[in-house]
Amino acid sequence: MVIMDKFIVRGGRALNGEISISGAKNVALKVMIASLLTDEELILHNIPQLRDVRFMLEVLKFLGVSSKQVGSTVILKNAHRQMSQIPLDVASSLRTSSMVLGPLLARYHTAVVPNPGGCRLGARPIDRHIDGLIGMGAQISYNSEDGYFYGNSDGLHGVDFTFVKNTHTGTETLLLAAVLARGTTILRNAAEEIEIDDLILLLNKMGGKICRKNNRVIEIEGVPKLHGAEFTVMSDRNEEVTFAIASALTNGSVIVKKSNRESLEPFLSTFKKCGGGAEEIDGTTTRYYKESALIATDVITLPHPGFMTDWQAPWAAFLTQASGVSTIHETIFESRFSYVHQLRKMGAQIDFYQPLVENPEAFYNFNWQDHQGKEQAIRIVGPTKLHNAVLHIDDLRAGATLVLAALAAEGESVITGIEQIDRGYEHIEVRLSKLGADIIRKGEELL
Ligand code: EPU
C-alpha cells in the first residue's frame, strides 16, 4: 500500500498577514553541486526544505559527498572517493542531477550519468550542455538502451563556445566544468537568469575566476583548485510571484519579507497593469494586494530579463478573474500548459491557439523539431466564477496554479499529485494557513 498526500482546500478566504520568502530552489540545487569541486567544506545558508533538495543530497551522497543539516543551513563535504556514477533510480527524480557531468569530468575525468528526470515539460533535451562539454575536450555518448550518458576526458580545457539558444542550466553546467578547466573559457549567448549570477558568486568565493563581461558573455579563467566557502542563497523569486498573485487573487494583502523586487520588474509591470498592487515598504519588504478591478493582459514568456516561463502558470489563475480576453504565449518550453484542463474543470474559459510566428525555429527557445503539433498559446476569457473540483497536478508550477485557483474558488477542492509542489515550495500549506487560507494536507491510501 502506498500513501500519497493530497490537499483539501476550502476557497473564498482572503489571505492577509506576513510571509518570508525561502531560498531559491534553482540556486540551491546548483550551489550544492559545487561541493563536488572541492574537498573542503561548503557551508550553505538559506537552503529551502524541498523534495528536490533531498533528492540532490541523495545524488551527492552517491558521489561521496556527506551532508549535515541544521535548519536551513547545509554543510557539504566531499570525501573525494571519486565516485562518478549515479544510479538511475536516484537521478531519475531530479532533472538537475545531470549537471554533475561538468564537475565529474573536470575533476575525475569520467562521468556516468542518467538522462535527466524532474518536470518533463516537453522533450527537454540537454544537447546544448553536451555540445559545450565536448567543446571542452570531453567524449560523451548516450546509450539509449540503459538511458545513461557515458563521459570521459583527459582533463577539460577552455573553449570559446556559443550557445545556439538560451539555456539556463546549460550555462550553469558549463560554468561548473570550466571553473576547473585548463585555460580560459568564453561562453557566448550565455543565459542571463539572475540565479546563474548567484552561482557565479559562490564559485568566485571558492577561488574561481569568473566574470560576466556583458549581458550574454561570461569569461571563465580556469583555476587548478577550489577551496571551501560559506554562502547564502538568494530569495526565490518564483515563490514571491506566487504569493503576490495569491494576495491579489483572494482580495487580501500580504507583506512579503526577503522580497527580491528588483528581479521581478517584468512581473511587477504586468501585475500592476492588470490591477495588482505592490507597495515598497523597505528594501526587502513588499506588500502585495489588489489595487483595482482586474483587466485582461497579454504576456509572452521570454528568457531573462523577460516575463519568466515559471510565472505564466500562476498568472493564468489570476487572469481567470480579469475582465476581457487575456493571452499567454509560451516560448521557452513546448509543453507547459498541463494546468489548463484542470482550470477548465473549475469553470475557467480557456482555449488553445497557435499564434502566427514567422520563423518558429528561431523564435522558440525549445528545439522546434521536437514540437509535436502542440499549440503554444492560450486565450483566457474572464472573469469567471471558479468553483470547487477534484484536481491533479502534473508539474511544479501547475501545482501552484491549482492551489491558487482553489483558494479563489467557491467550495471544497481536492488536489492530488502534490508531491510536485513539494519539489519547489517549502511547506506551502503551512505558510498559506498562517495567512488565513483553509488548506490541509491529508494522506490518501492507494492500493
Ligand atoms: N533546451 C534544449 N536543449 C538543451 C537545453 C535546453 O532543447 O540542451 C530547451 C529546453 O527543452 C527548453 C528550453 O531550451 O525548452 C529552455 O531550457 P533551459 O535550459 O533554459 O531551462 P532549464 O535550464 O531546463 C531552468 C529552470 C526552470 C526554468 C527555466 C527557465 C532549473 C533547475 N530549472 O530550466 O525551472 O523554468 O530554467 O528559466 O534551474 C522550475 O523551477 O519549475 C523550472 C522548470
# chains A, B, ... in the order shown; residues from 1 in each chain; ligands from 1

$ closest_atom_pairs --of "chain A" --to "ligand 1" --cutoff "7 Å" --atoms "only C-alpha atoms and all ligand atoms" --output "CSV"
residue,atom,partner,partner_atom_place_in_ligand_line,distance
A:Asn26,CA,ligand 1,39 (O),4.3
A:Arg95,CA,ligand 1,32 (C),6.9
A:Thr96,CA,ligand 1,32 (C),5.5
A:Cys119,CA,ligand 1,44 (C),6.5
A:Gly122,CA,ligand 1,11 (O),6.6
A:Ala123,CA,ligand 1,11 (O),5.9
A:Arg124,CA,ligand 1,11 (O),3.2
A:Pro125,CA,ligand 1,3 (N),4.6
A:Ile126,CA,ligand 1,8 (O),3.2
A:Asp127,CA,ligand 1,8 (O),3.9
A:Arg128,CA,ligand 1,8 (O),3.4
A:His129,CA,ligand 1,8 (O),5.0
A:Asn166,CA,ligand 1,20 (O),5.6
A:Thr167,CA,ligand 1,20 (O),3.3
A:His168,CA,ligand 1,20 (O),3.8
A:Thr169,CA,ligand 1,23 (O),3.5
A:Gly170,CA,ligand 1,19 (O),5.5
A:Glu193,CA,ligand 1,38 (O),6.6
A:Pro303,CA,ligand 1,38 (O),6.4
A:Met308,CA,ligand 1,38 (O),6.4
A:Thr309,CA,ligand 1,36 (O),5.6
A:Asp310,CA,ligand 1,36 (O),5.0
A:Ile332,CA,ligand 1,15 (O),5.0
A:Phe333,CA,ligand 1,15 (O),3.7
A:Glu334,CA,ligand 1,15 (O),6.0
A:Asn365,CA,ligand 1,13 (C),4.9
A:Phe366,CA,ligand 1,15 (O),3.6
A:Asn367,CA,ligand 1,7 (O),5.0
A:Leu396,CA,ligand 1,42 (O),5.4
A:Arg397,CA,ligand 1,42 (O),5.6
A:Gly424,CA,ligand 1,41 (O),6.8

$ residues_around --residues "Leu60 in chain A" --least-positions-apart "2" --cutoff "12 Å" --atoms "only C-alpha atoms" --output "ChimeraX atom specification"
/A:29-37,53-58,62-67,76-87,90-91,94,96-100,103-104

$ write_last_selection --atoms "N, CA and C atoms" --output "tab-separated table (two decimals), in the first residue's frame"
chain	number	residue	atom	x	y	z
A	29	LEU	N	20.06	24.07	-5.65
A	29	LEU	CA	20.47	22.79	-6.24
A	29	LEU	C	21.84	22.89	-6.89
A	30	LYS	N	22.12	24.04	-7.50
A	30	LYS	CA	23.39	24.20	-8.23
A	30	LYS	C	24.56	24.46	-7.28
A	31	VAL	N	24.33	25.27	-6.22
A	31	VAL	CA	25.45	25.51	-5.29
A	31	VAL	C	25.78	24.23	-4.52
A	32	MET	N	24.78	23.37	-4.36
A	32	MET	CA	25.07	22.08	-3.72
A	32	MET	C	25.98	21.24	-4.62
A	33	ILE	N	25.74	21.29	-5.93
A	33	ILE	CA	26.58	20.52	-6.86
A	33	ILE	C	28.03	21.01	-6.79
A	34	ALA	N	28.21	22.30	-6.49
A	34	ALA	CA	29.57	22.86	-6.42
A	34	ALA	C	30.42	22.16	-5.35
A	35	SER	N	29.77	21.42	-4.42
A	35	SER	CA	30.54	20.70	-3.40
A	35	SER	C	31.45	19.65	-4.03
A	36	LEU	N	31.14	19.21	-5.25
A	36	LEU	CA	31.97	18.22	-5.92
A	36	LEU	C	33.29	18.82	-6.39
A	37	LEU	N	33.37	20.15	-6.40
A	37	LEU	CA	34.55	20.81	-6.97
A	37	LEU	C	35.67	21.03	-5.97
A	53	VAL	N	15.66	19.25	-3.01
A	53	VAL	CA	16.90	19.39	-2.24
A	53	VAL	C	17.27	18.03	-1.63
A	54	ARG	N	16.25	17.31	-1.13
A	54	ARG	CA	16.53	15.98	-0.57
A	54	ARG	C	17.05	15.03	-1.65
A	55	PHE	N	16.45	15.12	-2.84
A	55	PHE	CA	16.92	14.27	-3.95
A	55	PHE	C	18.38	14.62	-4.28
A	56	MET	N	18.69	15.92	-4.28
A	56	MET	CA	20.06	16.31	-4.62
A	56	MET	C	21.05	15.81	-3.58
A	57	LEU	N	20.65	15.83	-2.30
A	57	LEU	CA	21.54	15.31	-1.26
A	57	LEU	C	21.80	13.82	-1.50
A	58	GLU	N	20.77	13.09	-1.97
A	58	GLU	CA	20.93	11.66	-2.29
A	58	GLU	C	21.93	11.48	-3.43
A	62	PHE	N	25.74	9.58	-3.23
A	62	PHE	CA	26.26	8.52	-4.09
A	62	PHE	C	27.61	8.87	-4.67
A	63	LEU	N	27.85	10.20	-4.81
A	63	LEU	CA	29.12	10.64	-5.40
A	63	LEU	C	30.17	10.89	-4.33
A	64	GLY	N	29.85	10.58	-3.06
A	64	GLY	CA	30.86	10.67	-2.00
A	64	GLY	C	30.77	11.93	-1.15
A	65	VAL	N	29.70	12.71	-1.29
A	65	VAL	CA	29.58	13.95	-0.50
A	65	VAL	C	28.71	13.70	0.73
A	66	SER	N	29.25	14.02	1.92
A	66	SER	CA	28.44	13.87	3.12
A	66	SER	C	27.78	15.20	3.45
A	67	SER	N	26.65	15.13	4.17
A	67	SER	CA	25.95	16.38	4.46
A	67	SER	C	25.48	16.42	5.90
A	76	LEU	N	28.28	20.68	3.39
A	76	LEU	CA	28.62	19.58	2.48
A	76	LEU	C	30.13	19.37	2.47
A	77	LYS	N	30.53	18.11	2.44
A	77	LYS	CA	31.97	17.82	2.41
A	77	LYS	C	32.19	16.63	1.50
A	78	ASN	N	33.01	16.86	0.51
A	78	ASN	CA	33.31	15.81	-0.47
A	78	ASN	C	34.44	14.93	0.06
A	79	ALA	N	34.15	13.65	0.21
A	79	ALA	CA	35.18	12.74	0.75
A	79	ALA	C	36.19	12.37	-0.34
A	80	HIS	N	36.00	12.87	-1.55
A	80	HIS	CA	36.90	12.63	-2.68
A	80	HIS	C	37.09	11.14	-2.92
A	81	ARG	N	35.97	10.42	-2.86
A	81	ARG	CA	36.05	8.98	-3.15
A	81	ARG	C	36.06	8.74	-4.66
A	82	GLN	N	35.97	9.85	-5.39
A	82	GLN	CA	35.99	9.78	-6.86
A	82	GLN	C	34.92	8.87	-7.43
A	83	MET	N	33.73	8.91	-6.82
A	83	MET	CA	32.61	8.16	-7.38
A	83	MET	C	32.10	8.96	-8.58
A	84	SER	N	31.79	8.27	-9.67
A	84	SER	CA	31.40	9.05	-10.85
A	84	SER	C	30.16	8.49	-11.53
A	85	GLN	N	29.43	7.61	-10.84
A	85	GLN	CA	28.23	7.04	-11.45
A	85	GLN	C	27.04	7.21	-10.51
A	86	ILE	N	25.92	7.68	-11.05
A	86	ILE	CA	24.71	7.83	-10.22
A	86	ILE	C	23.71	6.76	-10.64
A	87	PRO	N	23.12	6.04	-9.66
A	87	PRO	CA	22.10	5.05	-10.03
A	87	PRO	C	20.88	5.72	-10.68
A	90	VAL	N	17.98	7.02	-8.44
A	90	VAL	CA	18.25	8.23	-7.66
A	90	VAL	C	18.16	9.46	-8.57
A	91	ALA	N	18.74	9.36	-9.75
A	91	ALA	CA	18.80	10.53	-10.62
A	91	ALA	C	17.50	10.81	-11.34
A	94	LEU	N	15.19	13.80	-10.51
A	94	LEU	CA	15.72	15.16	-10.43
A	94	LEU	C	16.47	15.54	-11.70
A	96	THR	N	18.11	18.21	-12.49
A	96	THR	CA	19.42	18.85	-12.31
A	96	THR	C	20.53	17.85	-12.01
A	97	SER	N	20.18	16.57	-11.76
A	97	SER	CA	21.25	15.61	-11.46
A	97	SER	C	22.23	15.50	-12.61
A	98	SER	N	21.77	15.78	-13.84
A	98	SER	CA	22.69	15.68	-14.99
A	98	SER	C	23.78	16.75	-14.92
A	99	MET	N	23.58	17.78	-14.09
A	99	MET	CA	24.57	18.86	-14.04
A	99	MET	C	25.87	18.45	-13.35
A	100	VAL	N	25.87	17.27	-12.72
A	100	VAL	CA	27.12	16.81	-12.11
A	100	VAL	C	28.14	16.40	-13.19
A	103	PRO	N	31.35	18.95	-13.17
A	103	PRO	CA	32.35	18.74	-12.12
A	103	PRO	C	33.03	17.38	-12.21
A	104	LEU	N	32.26	16.33	-12.53
A	104	LEU	CA	32.88	14.99	-12.57
A	104	LEU	C	33.91	14.90	-13.70

$ closest_residue --among "A:Tyr288, A:Val223, A:Thr232, A:Glu444" --to "Val254 in chain A" --atoms "only C-alpha atoms"
A:Tyr288

$ residues_around --residues "range 171-185 of chain A" --least-positions-apart "5" --cutoff "6 Å" --atoms "only C-alpha atoms" --output "VMD selection string"
chain A and resid 99 102 to 103 106 156 to 160 190 208 219 to 224

$ select_by_dssp --residues "range 165-310 of chain A" --states "helix (DSSP H, G or I)" --output "ChimeraX atom specification"
/A:168-178,194-205,237-249,261-274,309-310

$ write_last_selection --atoms "N, CA and C atoms" --output "compact mmCIF listing (two decimals), in the first residue's frame"
# COMPACT_ATOMS: atom_id res chain seq x y z
N HIS A 168 19.43 27.99 -19.37
CA HIS A 168 19.74 28.39 -18.01
C HIS A 168 20.69 27.35 -17.37
N THR A 169 20.22 26.11 -17.26
CA THR A 169 21.08 25.10 -16.61
C THR A 169 22.26 24.70 -17.50
N GLY A 170 22.11 24.87 -18.82
CA GLY A 170 23.24 24.59 -19.73
C GLY A 170 24.38 25.55 -19.42
N THR A 171 24.06 26.82 -19.22
CA THR A 171 25.09 27.81 -18.88
C THR A 171 25.76 27.42 -17.56
N GLU A 172 24.92 27.00 -16.61
CA GLU A 172 25.48 26.63 -15.29
C GLU A 172 26.34 25.37 -15.37
N THR A 173 25.91 24.39 -16.19
CA THR A 173 26.70 23.16 -16.33
C THR A 173 28.10 23.50 -16.84
N LEU A 174 28.16 24.40 -17.83
CA LEU A 174 29.47 24.74 -18.38
C LEU A 174 30.30 25.56 -17.40
N LEU A 175 29.64 26.40 -16.59
CA LEU A 175 30.38 27.13 -15.54
C LEU A 175 31.01 26.16 -14.56
N LEU A 176 30.22 25.15 -14.16
CA LEU A 176 30.69 24.16 -13.17
C LEU A 176 31.83 23.31 -13.74
N ALA A 177 31.94 23.24 -15.07
CA ALA A 177 33.03 22.49 -15.69
C ALA A 177 34.23 23.40 -15.94
N ALA A 178 33.97 24.60 -16.48
CA ALA A 178 35.06 25.48 -16.94
C ALA A 178 35.87 26.05 -15.78
N ILE A 194 19.11 35.52 -13.15
CA ILE A 194 19.89 36.01 -12.00
C ILE A 194 20.36 34.88 -11.09
N GLU A 195 19.69 33.73 -11.18
CA GLU A 195 20.11 32.59 -10.36
C GLU A 195 21.53 32.16 -10.78
N ILE A 196 21.86 32.35 -12.06
CA ILE A 196 23.19 31.97 -12.56
C ILE A 196 24.25 32.86 -11.90
N ASP A 197 23.91 34.14 -11.72
CA ASP A 197 24.88 35.05 -11.10
C ASP A 197 25.11 34.72 -9.63
N ASP A 198 24.11 34.15 -8.99
CA ASP A 198 24.31 33.71 -7.60
C ASP A 198 25.30 32.53 -7.57
N LEU A 199 25.18 31.63 -8.55
CA LEU A 199 26.12 30.51 -8.62
C LEU A 199 27.55 31.05 -8.88
N ILE A 200 27.64 32.05 -9.77
CA ILE A 200 28.96 32.63 -10.07
C ILE A 200 29.56 33.23 -8.79
N LEU A 201 28.71 33.89 -8.00
CA LEU A 201 29.19 34.48 -6.73
C LEU A 201 29.82 33.41 -5.85
N LEU A 202 29.13 32.27 -5.72
CA LEU A 202 29.67 31.20 -4.88
C LEU A 202 30.98 30.67 -5.46
N LEU A 203 30.99 30.38 -6.78
CA LEU A 203 32.20 29.80 -7.38
C LEU A 203 33.38 30.74 -7.20
N ASN A 204 33.15 32.05 -7.32
CA ASN A 204 34.25 33.00 -7.10
C ASN A 204 34.69 33.02 -5.64
N LYS A 205 33.73 32.84 -4.72
CA LYS A 205 34.08 32.76 -3.29
C LYS A 205 34.96 31.55 -3.02
N ARG A 237 12.49 34.01 -6.37
CA ARG A 237 11.56 34.98 -6.99
C ARG A 237 10.30 34.30 -7.52
N ASN A 238 10.39 33.01 -7.83
CA ASN A 238 9.18 32.32 -8.29
C ASN A 238 8.18 32.18 -7.16
N GLU A 239 8.71 31.97 -5.95
CA GLU A 239 7.84 31.87 -4.79
C GLU A 239 7.20 33.24 -4.52
N GLU A 240 7.98 34.30 -4.65
CA GLU A 240 7.43 35.64 -4.40
C GLU A 240 6.29 35.96 -5.37
N VAL A 241 6.48 35.60 -6.61
CA VAL A 241 5.41 35.84 -7.61
C VAL A 241 4.15 35.06 -7.21
N THR A 242 4.33 33.83 -6.75
CA THR A 242 3.18 33.01 -6.36
C THR A 242 2.41 33.68 -5.22
N PHE A 243 3.12 34.18 -4.21
CA PHE A 243 2.44 34.82 -3.08
C PHE A 243 1.83 36.17 -3.47
N ALA A 244 2.48 36.88 -4.38
CA ALA A 244 1.92 38.16 -4.85
C ALA A 244 0.58 37.91 -5.52
N ILE A 245 0.54 36.90 -6.38
CA ILE A 245 -0.71 36.57 -7.09
C ILE A 245 -1.76 36.09 -6.08
N ALA A 246 -1.34 35.27 -5.12
CA ALA A 246 -2.29 34.75 -4.13
C ALA A 246 -2.95 35.89 -3.37
N SER A 247 -2.18 36.91 -3.00
CA SER A 247 -2.73 38.05 -2.24
C SER A 247 -3.81 38.75 -3.04
N ALA A 248 -3.48 39.10 -4.28
CA ALA A 248 -4.43 39.88 -5.09
C ALA A 248 -5.63 39.03 -5.51
N LEU A 249 -5.37 37.77 -5.83
CA LEU A 249 -6.43 36.88 -6.31
C LEU A 249 -7.50 36.64 -5.25
N ARG A 261 12.51 42.45 -5.10
CA ARG A 261 11.72 43.21 -6.09
C ARG A 261 12.45 43.49 -7.39
N GLU A 262 13.76 43.82 -7.27
CA GLU A 262 14.48 44.23 -8.49
C GLU A 262 14.44 43.14 -9.55
N SER A 263 14.40 41.88 -9.09
CA SER A 263 14.43 40.78 -10.07
C SER A 263 13.05 40.51 -10.65
N LEU A 264 12.04 41.26 -10.18
CA LEU A 264 10.67 40.95 -10.58
C LEU A 264 10.08 41.97 -11.54
N GLU A 265 10.92 42.88 -12.04
CA GLU A 265 10.41 44.00 -12.84
C GLU A 265 9.41 43.58 -13.92
N PRO A 266 9.77 42.60 -14.78
CA PRO A 266 8.81 42.23 -15.84
C PRO A 266 7.49 41.70 -15.28
N PHE A 267 7.53 41.07 -14.11
CA PHE A 267 6.29 40.61 -13.49
C PHE A 267 5.52 41.80 -12.93
N LEU A 268 6.22 42.66 -12.18
CA LEU A 268 5.52 43.74 -11.47
C LEU A 268 4.83 44.69 -12.44
N SER A 269 5.48 45.00 -13.57
CA SER A 269 4.84 45.93 -14.50
C SER A 269 3.55 45.31 -15.07
N THR A 270 3.57 44.02 -15.35
CA THR A 270 2.36 43.35 -15.88
C THR A 270 1.29 43.23 -14.79
N PHE A 271 1.74 42.90 -13.59
CA PHE A 271 0.84 42.73 -12.44
C PHE A 271 0.08 44.05 -12.19
N LYS A 272 0.82 45.16 -12.22
CA LYS A 272 0.19 46.47 -11.95
C LYS A 272 -0.76 46.85 -13.09
N LYS A 273 -0.33 46.54 -14.33
CA LYS A 273 -1.19 46.86 -15.50
C LYS A 273 -2.52 46.11 -15.38
N CYS A 274 -2.45 44.92 -14.81
CA CYS A 274 -3.64 44.06 -14.72
C CYS A 274 -4.56 44.46 -13.56
N THR A 309 8.97 32.06 -17.87
CA THR A 309 8.07 30.93 -18.11
C THR A 309 7.50 30.37 -16.80
N ASP A 310 8.28 30.46 -15.71
CA ASP A 310 7.81 29.91 -14.42
C ASP A 310 6.62 30.68 -13.86

$ closest_residue --among "A:Ser335, A:Gln321, A:Gln49, A:Gln342" --to "Gln372 in chain A" --atoms "only C-alpha atoms"
A:Ser335

$ closest_residue --among "A:Val390, A:Ile210, A:Ala14, A:Leu50" --to "Gly436 in chain A" --atoms "only C-alpha atoms"
A:Ala14

$ atom_distance --atom1 "CA of Phe352 in chain A" --atom2 "CA of Thr384 in chain A"
17.3 Å

$ residues_around --residues "range 140-146 of chain A" --least-positions-apart "5" --cutoff "10 Å" --atoms "only C-alpha atoms" --output "number ranges by chain"
A: 88, 101, 110-115, 130-131, 133-134, 151-153

$ write_last_selection --atoms "C-alpha atoms" --output "PDB file, in the first residue's frame"
ATOM      1  CA  LEU A  88      19.148   5.536 -12.378  1.00  0.00           C
ATOM      2  CA  LEU A 101      28.556  15.927 -15.533  1.00  0.00           C
ATOM      3  CA  THR A 110      34.865  10.292 -16.029  1.00  0.00           C
ATOM      4  CA  ALA A 111      31.092  10.501 -15.521  1.00  0.00           C
ATOM      5  CA  VAL A 112      28.223   8.051 -15.944  1.00  0.00           C
ATOM      6  CA  VAL A 113      25.006   9.983 -15.535  1.00  0.00           C
ATOM      7  CA  PRO A 114      21.394   9.091 -16.387  1.00  0.00           C
ATOM      8  CA  ASN A 115      19.231  11.103 -18.729  1.00  0.00           C
ATOM      9  CA  ILE A 130      26.693  18.185 -24.073  1.00  0.00           C
ATOM     10  CA  ASP A 131      27.926  20.230 -27.069  1.00  0.00           C
ATOM     11  CA  LEU A 133      31.350  19.839 -22.716  1.00  0.00           C
ATOM     12  CA  ILE A 134      32.502  18.190 -25.946  1.00  0.00           C
ATOM     13  CA  GLY A 151      31.600  10.704 -20.484  1.00  0.00           C
ATOM     14  CA  ASN A 152      35.341  10.831 -20.160  1.00  0.00           C
ATOM     15  CA  SER A 153      38.133  13.311 -20.741  1.00  0.00           C
TER      16      SER A 153
END

$ atom_distance --atom1 "CA of Phe161 in chain A" --atom2 "CA of Met234 in chain A"
28.0 Å
